[in-house]
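Participant: Hey, dropping data_37.cif in here, mmCIF, C-alpha atoms:
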data_entry
loop_
_atom_site.group_PDB
_atom_site.id
_atom_site.type_symbol
_atom_site.label_atom_id
_atom_site.label_comp_id
_atom_site.auth_asym_id
_atom_site.auth_seq_id
_atom_site.Cartn_x
_atom_site.Cartn_y
_atom_site.Cartn_z
ATOM 1 C CA MET W 85 23.736 -26.355 -6.343
ATOM 2 C CA THR W 86 22.076 -29.710 -6.891
ATOM 3 C CA LYS W 87 21.502 -30.611 -10.513
ATOM 4 C CA PRO W 88 17.957 -31.562 -11.572
ATOM 5 C CA PRO W 89 17.526 -35.255 -12.506
ATOM 6 C CA LEU W 90 17.173 -36.161 -16.190
ATOM 7 C CA THR W 91 16.945 -39.447 -18.043
ATOM 8 C CA LEU W 92 18.487 -39.428 -21.495
ATOM 9 C CA TYR W 93 17.403 -42.183 -23.879
ATOM 10 C CA LEU W 94 20.128 -42.799 -26.444
ATOM 11 C CA ALA W 95 18.971 -44.353 -29.714
ATOM 12 C CA ALA W 96 20.833 -47.314 -31.152
ATOM 13 C CA PRO W 97 21.566 -47.535 -33.968
ATOM 14 C CA ARG W 98 22.440 -43.870 -34.598
ATOM 15 C CA GLY W 99 25.083 -41.901 -36.486
ATOM 16 C CA PHE W 100 27.367 -43.169 -39.237
ATOM 17 C CA CYS W 101 26.056 -45.788 -41.650
ATOM 18 C CA ALA W 102 28.245 -48.030 -43.805
ATOM 19 C CA GLY W 103 27.922 -45.780 -46.881
ATOM 20 C CA VAL W 104 29.054 -42.669 -44.980
ATOM 21 C CA ASP W 105 31.882 -44.576 -43.312
ATOM 22 C CA ARG W 106 33.094 -45.764 -46.726
ATOM 23 C CA ALA W 107 32.836 -42.294 -48.320
ATOM 24 C CA ILE W 108 34.948 -40.657 -45.578
ATOM 25 C CA LYS W 109 37.482 -43.485 -45.795
ATOM 26 C CA ILE W 110 37.698 -42.928 -49.573
ATOM 27 C CA VAL W 111 38.689 -39.262 -49.108
ATOM 28 C CA GLU W 112 41.233 -40.122 -46.382
ATOM 29 C CA MET W 113 42.769 -42.953 -48.449
ATOM 30 C CA ALA W 114 42.907 -40.740 -51.552
ATOM 31 C CA LEU W 115 44.817 -38.096 -49.561
ATOM 32 C CA THR W 116 47.243 -40.781 -48.329
ATOM 33 C CA LYS W 117 47.713 -42.201 -51.821
ATOM 34 C CA TRP W 118 47.930 -39.023 -53.926
ATOM 35 C CA GLY W 119 48.678 -36.324 -51.360
ATOM 36 C CA ALA W 120 46.852 -33.008 -51.057
ATOM 37 C CA PRO W 121 44.949 -31.475 -52.640
ATOM 38 C CA VAL W 122 42.269 -34.007 -53.530
ATOM 39 C CA TYR W 123 39.094 -32.442 -54.926
ATOM 40 C CA VAL W 124 35.616 -33.515 -53.813
ATOM 41 C CA ARG W 125 32.540 -32.644 -55.876
ATOM 42 C CA HIS W 126 29.847 -31.576 -53.376
ATOM 43 C CA GLU W 127 30.055 -32.271 -49.641
ATOM 44 C CA ILE W 128 31.225 -35.886 -49.360
ATOM 45 C CA VAL W 129 28.451 -36.359 -46.765
ATOM 46 C CA HIS W 130 26.093 -33.773 -45.295
ATOM 47 C CA ASN W 131 27.929 -32.858 -42.107
ATOM 48 C CA LYS W 132 29.925 -29.677 -41.461
ATOM 49 C CA TYR W 133 32.154 -31.255 -38.793
ATOM 50 C CA VAL W 134 33.156 -34.090 -41.163
ATOM 51 C CA VAL W 135 33.686 -31.760 -44.136
ATOM 52 C CA ASP W 136 35.781 -29.322 -42.056
ATOM 53 C CA SER W 137 38.005 -32.103 -40.709
ATOM 54 C CA LEU W 138 38.625 -33.481 -44.231
ATOM 55 C CA ARG W 139 39.290 -29.942 -45.489
ATOM 56 C CA ALA W 140 41.940 -29.601 -42.761
ATOM 57 C CA GLN W 141 43.610 -32.736 -44.156
ATOM 58 C CA GLY W 142 43.775 -31.281 -47.681
ATOM 59 C CA ALA W 143 40.426 -32.024 -49.326
ATOM 60 C CA VAL W 144 39.057 -29.217 -51.509
ATOM 61 C CA PHE W 145 35.263 -29.159 -51.806
ATOM 62 C CA VAL W 146 33.754 -27.786 -55.013
ATOM 63 C CA GLU W 147 30.261 -27.625 -56.452
ATOM 64 C CA GLU W 148 31.045 -28.584 -60.038
ATOM 65 C CA LEU W 149 33.659 -30.562 -61.951
ATOM 66 C CA ASP W 150 34.806 -27.524 -63.943
ATOM 67 C CA GLU W 151 36.230 -26.082 -60.707
ATOM 68 C CA CYS W 152 38.732 -28.980 -60.560
ATOM 69 C CA PRO W 153 42.107 -29.020 -62.327
ATOM 70 C CA ASP W 154 42.742 -31.891 -64.772
ATOM 71 C CA ASP W 155 45.840 -33.142 -62.937
ATOM 72 C CA ARG W 156 44.417 -33.767 -59.449
ATOM 73 C CA PRO W 157 42.131 -36.616 -58.321
ATOM 74 C CA VAL W 158 38.449 -35.873 -57.811
ATOM 75 C CA ILE W 159 35.963 -37.781 -55.658
ATOM 76 C CA PHE W 160 32.195 -37.903 -56.226
ATOM 77 C CA SER W 161 30.060 -37.673 -53.082
ATOM 78 C CA ALA W 162 28.197 -40.506 -51.338
ATOM 79 C CA HIS W 163 24.889 -39.156 -52.711
ATOM 80 C CA GLY W 164 25.727 -40.131 -56.294
ATOM 81 C CA VAL W 165 26.096 -38.069 -59.470
ATOM 82 C CA PRO W 166 24.368 -37.849 -62.858
ATOM 83 C CA LYS W 167 25.992 -39.972 -65.601
ATOM 84 C CA SER W 168 27.232 -36.799 -67.292
ATOM 85 C CA VAL W 169 29.732 -36.160 -64.456
ATOM 86 C CA PRO W 170 31.974 -39.269 -64.794
ATOM 87 C CA SER W 171 31.673 -38.880 -68.590
ATOM 88 C CA ALA W 172 33.053 -35.326 -68.341
ATOM 89 C CA ALA W 173 35.853 -36.517 -66.032
ATOM 90 C CA GLN W 174 36.794 -39.261 -68.516
ATOM 91 C CA ALA W 175 36.794 -36.779 -71.378
ATOM 92 C CA ARG W 176 39.371 -34.723 -69.433
ATOM 93 C CA ASN W 177 41.458 -37.826 -68.550
ATOM 94 C CA MET W 178 40.984 -37.096 -64.861
ATOM 95 C CA THR W 179 41.627 -39.556 -62.057
ATOM 96 C CA TYR W 180 38.306 -39.922 -60.284
ATOM 97 C CA VAL W 181 36.897 -42.094 -57.506
ATOM 98 C CA ASP W 182 33.181 -42.619 -57.127
ATOM 99 C CA ALA W 183 32.156 -42.634 -53.428
ATOM 100 C CA THR W 184 28.459 -43.178 -54.231
ATOM 101 C CA CYS W 185 26.889 -45.318 -51.517
ATOM 102 C CA PRO W 186 26.371 -48.859 -52.903
ATOM 103 C CA LEU W 187 22.721 -48.685 -51.809
ATOM 104 C CA VAL W 188 22.254 -45.558 -53.947
ATOM 105 C CA SER W 189 24.050 -47.315 -56.830
ATOM 106 C CA LYS W 190 21.525 -50.157 -56.443
ATOM 107 C CA VAL W 191 18.718 -47.654 -57.161
ATOM 108 C CA HIS W 192 20.645 -46.343 -60.200
ATOM 109 C CA ILE W 193 20.998 -49.890 -61.598
ATOM 110 C CA GLU W 194 17.312 -50.550 -60.967
ATOM 111 C CA ALA W 195 16.311 -47.388 -62.854
ATOM 112 C CA GLU W 196 18.454 -48.431 -65.835
ATOM 113 C CA ARG W 197 17.033 -51.946 -65.818
ATOM 114 C CA HIS W 198 13.452 -50.638 -65.919
ATOM 115 C CA HIS W 199 14.396 -48.097 -68.614
ATOM 116 C CA GLU W 200 15.841 -50.874 -70.777
ATOM 117 C CA ALA W 201 12.600 -52.790 -70.308
ATOM 118 C CA GLY W 202 10.719 -49.806 -71.770
ATOM 119 C CA LEU W 203 9.304 -48.468 -68.506
ATOM 120 C CA GLN W 204 9.181 -44.799 -67.557
ATOM 121 C CA MET W 205 10.315 -44.108 -63.979
ATOM 122 C CA VAL W 206 8.552 -42.307 -61.161
ATOM 123 C CA MET W 207 10.986 -41.203 -58.475
ATOM 124 C CA ILE W 208 9.813 -40.473 -54.939
ATOM 125 C CA GLY W 209 12.308 -37.946 -53.623
ATOM 126 C CA HIS W 210 13.118 -34.366 -52.708
ATOM 127 C CA ALA W 211 13.638 -31.958 -55.620
ATOM 128 C CA GLY W 212 17.156 -30.550 -55.723
ATOM 129 C CA HIS W 213 18.644 -33.038 -53.235
ATOM 130 C CA PRO W 214 21.987 -34.335 -54.628
ATOM 131 C CA GLU W 215 20.798 -37.954 -54.453
ATOM 132 C CA THR W 216 17.629 -37.187 -56.416
ATOM 133 C CA VAL W 217 19.592 -35.161 -58.982
ATOM 134 C CA GLY W 218 22.119 -38.007 -59.330
ATOM 135 C CA THR W 219 19.479 -40.715 -59.695
ATOM 136 C CA MET W 220 17.368 -38.789 -62.204
ATOM 137 C CA GLY W 221 20.584 -38.077 -64.116
ATOM 138 C CA GLN W 222 21.099 -41.795 -64.800
ATOM 139 C CA LEU W 223 18.437 -41.678 -67.515
ATOM 140 C CA PRO W 224 17.683 -39.339 -70.433
ATOM 141 C CA ASP W 225 15.597 -36.198 -69.787
ATOM 142 C CA GLY W 226 11.896 -36.907 -69.367
ATOM 143 C CA GLU W 227 12.406 -40.547 -68.418
ATOM 144 C CA VAL W 228 12.065 -39.881 -64.673
ATOM 145 C CA LEU W 229 9.018 -38.124 -63.202
ATOM 146 C CA LEU W 230 9.549 -36.746 -59.686
ATOM 147 C CA VAL W 231 6.912 -36.871 -56.947
ATOM 148 C CA GLU W 232 7.492 -35.458 -53.460
ATOM 149 C CA THR W 233 4.038 -35.847 -51.893
ATOM 150 C CA VAL W 234 0.812 -37.861 -52.183
ATOM 151 C CA GLU W 235 -0.736 -34.789 -53.866
ATOM 152 C CA ASP W 236 1.965 -34.830 -56.584
ATOM 153 C CA VAL W 237 0.808 -38.287 -57.714
ATOM 154 C CA ALA W 238 -2.371 -36.771 -59.186
ATOM 155 C CA THR W 239 -0.405 -34.211 -61.248
ATOM 156 C CA ILE W 240 2.010 -36.411 -63.235
ATOM 157 C CA THR W 241 1.290 -37.361 -66.843
ATOM 158 C CA PRO W 242 3.253 -40.451 -67.842
ATOM 159 C CA ARG W 243 3.669 -41.461 -71.474
ATOM 160 C CA ASP W 244 1.907 -44.775 -70.899
ATOM 161 C CA PRO W 245 0.251 -45.433 -67.503
ATOM 162 C CA ALA W 246 0.633 -49.174 -68.122
ATOM 163 C CA LYS W 247 4.435 -48.910 -68.472
ATOM 164 C CA LEU W 248 5.665 -47.401 -65.220
ATOM 165 C CA ALA W 249 8.028 -48.319 -62.400
ATOM 166 C CA PHE W 250 8.897 -46.419 -59.222
ATOM 167 C CA ILE W 251 12.096 -45.897 -57.256
ATOM 168 C CA THR W 252 12.765 -43.835 -54.130
ATOM 169 C CA GLN W 253 15.475 -41.741 -52.547
ATOM 170 C CA THR W 254 17.206 -43.892 -49.910
ATOM 171 C CA THR W 255 16.768 -41.423 -47.014
ATOM 172 C CA LEU W 256 13.015 -40.806 -46.929
ATOM 173 C CA SER W 257 10.498 -41.269 -44.133
ATOM 174 C CA VAL W 258 9.346 -44.891 -44.282
ATOM 175 C CA ASP W 259 5.763 -43.937 -43.315
ATOM 176 C CA ASP W 260 5.434 -40.961 -45.693
ATOM 177 C CA THR W 261 6.824 -43.020 -48.568
ATOM 178 C CA ALA W 262 4.321 -45.825 -47.909
ATOM 179 C CA GLY W 263 1.512 -43.280 -48.392
ATOM 180 C CA ILE W 264 2.960 -42.067 -51.714
ATOM 181 C CA VAL W 265 3.478 -45.650 -52.936
ATOM 182 C CA ALA W 266 -0.150 -46.457 -52.076
ATOM 183 C CA ALA W 267 -1.303 -43.397 -54.065
ATOM 184 C CA LEU W 268 0.836 -44.451 -57.056
ATOM 185 C CA GLN W 269 -0.528 -48.008 -56.949
ATOM 186 C CA ALA W 270 -4.106 -46.724 -56.703
ATOM 187 C CA ARG W 271 -3.696 -44.456 -59.734
ATOM 188 C CA PHE W 272 -1.424 -46.763 -61.763
ATOM 189 C CA PRO W 273 -2.306 -50.369 -60.868
ATOM 190 C CA ALA W 274 0.340 -51.772 -63.252
ATOM 191 C CA ILE W 275 3.245 -49.792 -61.713
ATOM 192 C CA VAL W 276 6.282 -51.939 -60.895
ATOM 193 C CA GLY W 277 8.003 -51.513 -57.517
ATOM 194 C CA PRO W 278 11.593 -52.161 -56.464
ATOM 195 C CA HIS W 279 12.712 -55.780 -56.081
ATOM 196 C CA LYS W 280 13.856 -54.840 -52.568
ATOM 197 C CA GLU W 281 12.863 -51.598 -50.835
ATOM 198 C CA ASP W 282 14.975 -48.577 -51.871
ATOM 199 C CA ILE W 283 14.917 -46.823 -48.479
ATOM 200 C CA CYS W 284 18.173 -47.997 -46.952
ATOM 201 C CA TYR W 285 18.594 -50.152 -43.863
ATOM 202 C CA ALA W 286 20.245 -47.288 -41.928
ATOM 203 C CA THR W 287 17.382 -44.849 -42.537
ATOM 204 C CA THR W 288 14.807 -47.490 -41.576
ATOM 205 C CA ASN W 289 16.703 -48.532 -38.424
ATOM 206 C CA ARG W 290 17.256 -44.981 -37.174
ATOM 207 C CA GLN W 291 13.584 -44.129 -37.671
ATOM 208 C CA ALA W 292 12.493 -47.308 -35.844
ATOM 209 C CA ALA W 293 14.696 -46.413 -32.854
ATOM 210 C CA VAL W 294 13.131 -42.928 -32.642
ATOM 211 C CA LYS W 295 9.623 -44.448 -32.706
ATOM 212 C CA GLN W 296 10.617 -46.730 -29.834
ATOM 213 C CA ILE W 297 11.926 -43.808 -27.730
ATOM 214 C CA ALA W 298 9.168 -41.276 -28.504
ATOM 215 C CA PRO W 299 6.573 -42.462 -25.904
ATOM 216 C CA LYS W 300 9.164 -42.237 -23.084
ATOM 217 C CA ILE W 301 10.381 -38.659 -23.665
ATOM 218 C CA ASP W 302 9.407 -34.984 -23.340
ATOM 219 C CA ALA W 303 11.887 -33.819 -25.997
ATOM 220 C CA LEU W 304 13.937 -35.276 -28.872
ATOM 221 C CA LEU W 305 17.266 -33.960 -30.148
ATOM 222 C CA VAL W 306 18.593 -35.126 -33.506
ATOM 223 C CA ILE W 307 22.235 -34.398 -34.285
ATOM 224 C CA GLY W 308 22.591 -33.693 -37.991
ATOM 225 C CA ALA W 309 23.044 -31.057 -40.661
ATOM 226 C CA PRO W 310 20.180 -28.846 -41.896
ATOM 227 C CA ASN W 311 20.799 -30.179 -45.442
ATOM 228 C CA SER W 312 20.812 -33.840 -44.309
ATOM 229 C CA SER W 313 17.647 -35.537 -45.566
ATOM 230 C CA ASN W 314 17.816 -38.528 -43.235
ATOM 231 C CA SER W 315 18.406 -36.285 -40.173
ATOM 232 C CA LYS W 316 15.432 -34.041 -40.985
ATOM 233 C CA ARG W 317 13.262 -37.144 -41.409
ATOM 234 C CA LEU W 318 14.221 -38.276 -37.872
ATOM 235 C CA VAL W 319 12.828 -35.010 -36.476
ATOM 236 C CA GLU W 320 9.590 -35.528 -38.449
ATOM 237 C CA VAL W 321 9.319 -39.158 -37.322
ATOM 238 C CA GLY W 322 9.739 -38.044 -33.685
ATOM 239 C CA ARG W 323 6.972 -35.447 -34.018
ATOM 240 C CA ALA W 324 4.660 -37.904 -35.787
ATOM 241 C CA ALA W 325 5.259 -40.407 -32.968
ATOM 242 C CA GLY W 326 3.956 -37.887 -30.441
ATOM 243 C CA CYS W 327 7.077 -36.037 -29.348
ATOM 244 C CA ALA W 328 5.923 -32.410 -29.053
ATOM 245 C CA TYR W 329 9.448 -30.961 -28.976
ATOM 246 C CA ALA W 330 11.808 -32.399 -31.610
ATOM 247 C CA GLN W 331 14.799 -30.360 -32.743
ATOM 248 C CA LEU W 332 17.652 -30.747 -35.219
ATOM 249 C CA ILE W 333 20.995 -29.576 -33.824
ATOM 250 C CA GLN W 334 24.415 -29.576 -35.437
ATOM 251 C CA ARG W 335 26.382 -29.552 -32.178
ATOM 252 C CA ALA W 336 25.972 -29.163 -28.398
ATOM 253 C CA VAL W 337 26.247 -25.378 -28.751
ATOM 254 C CA ASP W 338 22.915 -25.397 -30.668
ATOM 255 C CA ILE W 339 20.870 -26.856 -27.786
ATOM 256 C CA ASP W 340 18.119 -24.495 -26.635
ATOM 257 C CA TRP W 341 18.352 -25.098 -22.869
ATOM 258 C CA ARG W 342 15.442 -22.761 -22.127
ATOM 259 C CA ALA W 343 13.136 -24.910 -24.251
ATOM 260 C CA LEU W 344 14.203 -27.942 -22.207
ATOM 261 C CA GLN W 345 13.424 -26.380 -18.811
ATOM 262 C CA GLY W 346 11.368 -28.718 -16.676
ATOM 263 C CA VAL W 347 11.796 -31.778 -18.924
ATOM 264 C CA ARG W 348 12.488 -35.082 -17.198
ATOM 265 C CA ALA W 349 13.329 -37.296 -20.193
ATOM 266 C CA VAL W 350 15.115 -36.482 -23.445
ATOM 267 C CA GLY W 351 15.747 -38.677 -26.472
ATOM 268 C CA LEU W 352 18.987 -38.344 -28.436
ATOM 269 C CA THR W 353 19.863 -39.714 -31.854
ATOM 270 C CA ALA W 354 22.135 -38.773 -34.752
ATOM 271 C CA GLY W 355 21.619 -38.820 -38.507
ATOM 272 C CA ALA W 356 23.624 -41.206 -40.675
ATOM 273 C CA SER W 357 26.326 -38.626 -41.467
ATOM 274 C CA ALA W 358 26.895 -37.387 -37.887
ATOM 275 C CA PRO W 359 30.008 -38.731 -36.094
ATOM 276 C CA GLU W 360 29.859 -40.211 -32.576
ATOM 277 C CA THR W 361 32.179 -37.403 -31.375
ATOM 278 C CA LEU W 362 29.227 -35.013 -31.641
ATOM 279 C CA VAL W 363 26.994 -37.404 -29.676
ATOM 280 C CA ASN W 364 29.582 -37.504 -26.878
ATOM 281 C CA GLU W 365 29.805 -33.698 -26.946
ATOM 282 C CA VAL W 366 26.015 -33.464 -26.377
ATOM 283 C CA LEU W 367 26.136 -36.097 -23.600
ATOM 284 C CA ASP W 368 28.867 -34.082 -21.843
ATOM 285 C CA ALA W 369 26.770 -30.900 -22.117
ATOM 286 C CA PHE W 370 23.803 -32.669 -20.464
ATOM 287 C CA ALA W 371 26.012 -34.189 -17.751
ATOM 288 C CA ALA W 372 27.286 -30.698 -16.879
ATOM 289 C CA ARG W 373 23.755 -29.435 -16.273
ATOM 290 C CA TYR W 374 21.806 -32.436 -14.990
ATOM 291 C CA ASP W 375 22.094 -35.385 -12.675
ATOM 292 C CA LEU W 376 22.088 -37.623 -15.733
ATOM 293 C CA THR W 377 20.902 -41.199 -16.158
ATOM 294 C CA THR W 378 21.596 -42.565 -19.648
ATOM 295 C CA GLU W 379 19.642 -45.469 -21.083
ATOM 296 C CA ILE W 380 20.429 -47.025 -24.449
ATOM 297 C CA VAL W 381 17.416 -48.072 -26.511
ATOM 298 C CA GLU W 382 18.638 -50.590 -29.073
ATOM 299 C CA THR W 383 16.259 -51.702 -31.808
ATOM 300 C CA ALA W 384 18.752 -53.246 -34.255
ATOM 301 C CA VAL W 385 22.398 -54.237 -34.552
ATOM 302 C CA GLU W 386 24.135 -53.143 -37.760
ATOM 303 C CA SER W 387 27.033 -55.096 -39.203
ATOM 304 C CA VAL W 388 27.003 -53.831 -42.803
ATOM 305 C CA GLU W 389 30.380 -52.917 -44.284
ATOM 306 C CA PHE W 390 31.217 -51.718 -47.797
ATOM 307 C CA LYS W 391 34.616 -52.103 -49.457
ATOM 308 C CA VAL W 392 36.410 -49.050 -50.802
ATOM 309 C CA PRO W 393 37.096 -49.014 -54.566
ATOM 310 C CA ARG W 394 40.024 -51.138 -55.733
ATOM 311 C CA VAL W 395 42.008 -48.114 -57.016
ATOM 312 C CA LEU W 396 42.527 -47.057 -53.380
ATOM 313 C CA ARG W 397 43.534 -50.528 -52.206
ATOM 314 C CA VAL W 398 46.504 -50.761 -54.586
ATOM 315 C CA PRO W 399 49.689 -48.696 -54.033
ATOM 316 C CA ALA W 400 50.248 -45.537 -56.100
#
Let me see whether you can do it: turn the structure in this file into structure tokens.
Facilitator:
Amino acid sequence: MTKPPLTLYLAAPRGFCAGVDRAIKIVEMALTKWGAPVYVRHEIVHNKYVVDSLRAQGAVFVEELDECPDDRPVIFSAHGVPKSVPSAAQARNMTYVDATCPLVSKVHIEAERHHEAGLQMVMIGHAGHPETVGTMGQLPDGEVLLVETVEDVATITPRDPAKLAFITQTTLSVDDTAGIVAALQARFPAIVGPHKEDICYATTNRQAAVKQIAPKIDALLVIGAPNSSNSKRLVEVGRAAGCAYAQLIQRAVDIDWRALQGVRAVGLTAGASAPETLVNEVLDAFAARYDLTTEIVETAVESVEFKVPRVLRVPA
């Protein structure tokens, strides 16, 4: 049987960012240094494949610090944690390693700087997401007001409208966030913005690549976890750019082939916590069914690298 022709546009950049790369390395190096088990508070990054492979090496994933024994190392996820978490670990004399992405830490430092200057914070983010919880937890209760949408801007009641600053989650939609920022600036003309944009380079680059591909394709597949903020944003960006069919999949097995019947061009990208192995798995699945032509659409070249904490670079 002859296979139908299909062009697959592969987004570049896609997949792992420097913060995710560093976080995974931290768990692997901790296992090498201290042996198993090493405890990890929350999923180190939002990807089942990554978490399962680290679990197989001896990482134990827990939701809260009180599930960890005092005598084993614990790692905090790339999304960041409230200040109370390292404080509790110190109080128990635990060995802990903070795998918070340096670009998330930058937002934490910014929030503290504004707080010290007497400004109340407005955070643009998703309620309940570990990064939002961690960032809001850098300051005392009531010091950070959360907005998720343009509509939310009208509902907040700051202490002093003239003493406000805003920060954002690093994995948001660039376009949606611009709308919320505009609403904040319209309502609070004195509001102070970040020195440099909070949405991280990897989120911005992956969204730009999807926008570039969208006009060429009939369908977009985004490899990522259902709890991955940056992956879900890629699906939304694809739809907003005119791609009628945009789906989030975790692996090749999740592809709805019936929905793709008759398509001639498909776009493929991966969220910042999805490994390239899963991209290759999807490419193989397409090659088995179609006479495949693959085109890479590159919109940026990433060369960012973050060092792992010093404690892991010195021998035990």
Participant: To one decimal place in Å, what is the distance between atom CA of W:Pro359 and atom CA of W:Ala400?
Facilitator: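 Distance reported for this atom pair: 29.3 Å.
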Participant: Find the residues near W:Ala369: any atom within 10 Å, counting only C-alpha atoms, skip ones fewer than 4 places away on the same chain, and give them as JSON, numbers by chain.
Facilitator: {"W": [336, 337, 339, 363, 364, 365, 373, 374]}
Participant: Using C-alpha atoms, can you export the residues from the last selection as a CSV table (one decimal), in the coordinates of the input?
Facilitator:
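Now in result35.csv:
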chain,number,residue,atom,x,y,z
W,336,ALA,CA,26.0,-29.2,-28.4
W,337,VAL,CA,26.2,-25.4,-28.8
W,339,ILE,CA,20.9,-26.9,-27.8
W,363,VAL,CA,27.0,-37.4,-29.7
W,364,ASN,CA,29.6,-37.5,-26.9
W,365,GLU,CA,29.8,-33.7,-26.9
W,373,ARG,CA,23.8,-29.4,-16.3
W,374,TYR,CA,21.8,-32.4,-15.0
Participant: I'd like a table as a tab-separated table: residues in stretch 286-347 of chain W with an atom no more than 12 Å from stretch 145-165 of chain W, each row giving the shortest atom pair and its distance in Å to one decimal, all atoms listed in the file counted, sorted by chain and rising residue number.
Facilitator:
residue	atom	partner	partner_atom	distance
W:Ser312	CA	W:His163	CA	10.7
W:Ser313	CA	W:His163	CA	10.8
W:Asn314	CA	W:His163	CA	11.8
Participant: Extract, using only C-alpha atoms, all DNA, RNA and protein residues at most 9 Å from W:Thr252, discarding same-chain residues fewer than 5 positions from it, and format them as a compact mmCIF listing (two decimals) with C-alpha atoms, keeping the file's coordinate frame.
Facilitator:
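What landed in part-v2.txt:
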# COMPACT_ATOMS: atom_id res chain seq x y z
CA VAL W 191 18.72 -47.65 -57.16
CA VAL W 206 8.55 -42.31 -61.16
CA MET W 207 10.99 -41.20 -58.48
CA ILE W 208 9.81 -40.47 -54.94
CA GLY W 209 12.31 -37.95 -53.62
CA THR W 216 17.63 -37.19 -56.42
CA THR W 261 6.82 -43.02 -48.57
CA PRO W 278 11.59 -52.16 -56.46
CA GLU W 281 12.86 -51.60 -50.84
CA ASP W 282 14.98 -48.58 -51.87
CA ILE W 283 14.92 -46.82 -48.48
Participant: So that I can see what lies close to stretch 101-106 of chain W, please list as a short mmCIF file (atom, residue, chain, number, x, y, z; two decimals) with C-alpha atoms, in the coordinates of the input the residues with an atom at most 9 Å from it, counting all atoms listed in the file and leaving out residues fewer than 6 positions away in the same chain.
Facilitator:
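out.cif, freshly written:
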data_model
loop_
_atom_site.label_atom_id
_atom_site.label_comp_id
_atom_site.auth_asym_id
_atom_site.auth_seq_id
_atom_site.Cartn_x
_atom_site.Cartn_y
_atom_site.Cartn_z
CA ILE W 128 31.22 -35.89 -49.36
CA VAL W 129 28.45 -36.36 -46.76
CA ALA W 162 28.20 -40.51 -51.34
CA ALA W 183 32.16 -42.63 -53.43
CA THR W 184 28.46 -43.18 -54.23
CA CYS W 185 26.89 -45.32 -51.52
CA PRO W 186 26.37 -48.86 -52.90
CA LEU W 187 22.72 -48.68 -51.81
CA TYR W 285 18.59 -50.15 -43.86
CA ALA W 286 20.24 -47.29 -41.93
CA THR W 287 17.38 -44.85 -42.54
CA GLY W 355 21.62 -38.82 -38.51
CA ALA W 356 23.62 -41.21 -40.67
CA SER W 357 26.33 -38.63 -41.47
CA GLU W 386 24.14 -53.14 -37.76
CA SER W 387 27.03 -55.10 -39.20
CA VAL W 388 27.00 -53.83 -42.80
CA GLU W 389 30.38 -52.92 -44.28
CA PHE W 390 31.22 -51.72 -47.80
CA LYS W 391 34.62 -52.10 -49.46
CA VAL W 392 36.41 -49.05 -50.80
#
Participant: Taking the file above as input, evaluate the PyMOL selection byres ((chain W and resi 269-273) around 12) and report the hits as a PyMOL selection string.
Facilitator: chain W and resi 206+234-242+244-250+262-268+274-277
Participant: Once you have the residues from the selection above, write them out as a PDB file, in the frame of the given file, restricted to C-alpha atoms.
Facilitator:
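Output below, filename selection11.pdb:
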ATOM      1  CA  VAL W 206       8.552 -42.307 -61.161  1.00  0.00           C
ATOM      2  CA  VAL W 234       0.812 -37.861 -52.183  1.00  0.00           C
ATOM      3  CA  GLU W 235      -0.736 -34.789 -53.866  1.00  0.00           C
ATOM      4  CA  ASP W 236       1.965 -34.830 -56.584  1.00  0.00           C
ATOM      5  CA  VAL W 237       0.808 -38.287 -57.714  1.00  0.00           C
ATOM      6  CA  ALA W 238      -2.371 -36.771 -59.186  1.00  0.00           C
ATOM      7  CA  THR W 239      -0.405 -34.211 -61.248  1.00  0.00           C
ATOM      8  CA  ILE W 240       2.010 -36.411 -63.235  1.00  0.00           C
ATOM      9  CA  THR W 241       1.290 -37.361 -66.843  1.00  0.00           C
ATOM     10  CA  PRO W 242       3.253 -40.451 -67.842  1.00  0.00           C
ATOM     11  CA  ASP W 244       1.907 -44.775 -70.899  1.00  0.00           C
ATOM     12  CA  PRO W 245       0.251 -45.433 -67.503  1.00  0.00           C
ATOM     13  CA  ALA W 246       0.633 -49.174 -68.122  1.00  0.00           C
ATOM     14  CA  LYS W 247       4.435 -48.910 -68.472  1.00  0.00           C
ATOM     15  CA  LEU W 248       5.665 -47.401 -65.220  1.00  0.00           C
ATOM     16  CA  ALA W 249       8.028 -48.319 -62.400  1.00  0.00           C
ATOM     17  CA  PHE W 250       8.897 -46.419 -59.222  1.00  0.00           C
ATOM     18  CA  ALA W 262       4.321 -45.825 -47.909  1.00  0.00           C
ATOM     19  CA  GLY W 263       1.512 -43.280 -48.392  1.00  0.00           C
ATOM     20  CA  ILE W 264       2.960 -42.067 -51.714  1.00  0.00           C
ATOM     21  CA  VAL W 265       3.478 -45.650 -52.936  1.00  0.00           C
ATOM     22  CA  ALA W 266      -0.150 -46.457 -52.076  1.00  0.00           C
ATOM     23  CA  ALA W 267      -1.303 -43.397 -54.065  1.00  0.00           C
ATOM     24  CA  LEU W 268       0.836 -44.451 -57.056  1.00  0.00           C
ATOM     25  CA  ALA W 274       0.340 -51.772 -63.252  1.00  0.00           C
ATOM     26  CA  ILE W 275       3.245 -49.792 -61.713  1.00  0.00           C
ATOM     27  CA  VAL W 276       6.282 -51.939 -60.895  1.00  0.00           C
ATOM     28  CA  GLY W 277       8.003 -51.513 -57.517  1.00  0.00           C
TER      29      GLY W 277
END
Participant: What does the distance from atom CA of W:Leu92 to atom CA of W:Asp338 come to in Å, to one decimal?
Facilitator: 17.3 Å
Participant: If we count only C-alpha atoms and set the cut-off at 9 Å, which residues sit around W:Leu223, ignoring sequence neighbours fewer than 4 positions away in its own chain? Please answer as a ChimeraX atom specification.
Facilitator: /W:166-167,192,195-196,199,219,227-228
Participant: Rounded to one decimal in Å, what is the spacing between atom CA of W:Glu200 and atom CA of W:Leu229?
Facilitator: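 One can read the atom CA of W:Glu200 to atom CA of W:Leu229 distance as 16.3 Å.
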Participant: Calculated over all atoms listed in the file, which of the candidates W:Leu305, W:Leu256, W:Val398, W:Ala107 has the smallest distance to W:Thr233?
Facilitator: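 Of W:Leu305, W:Leu256, W:Val398, W:Ala107, the one nearest W:Thr233, counting all atoms listed in the file, is W:Leu256.
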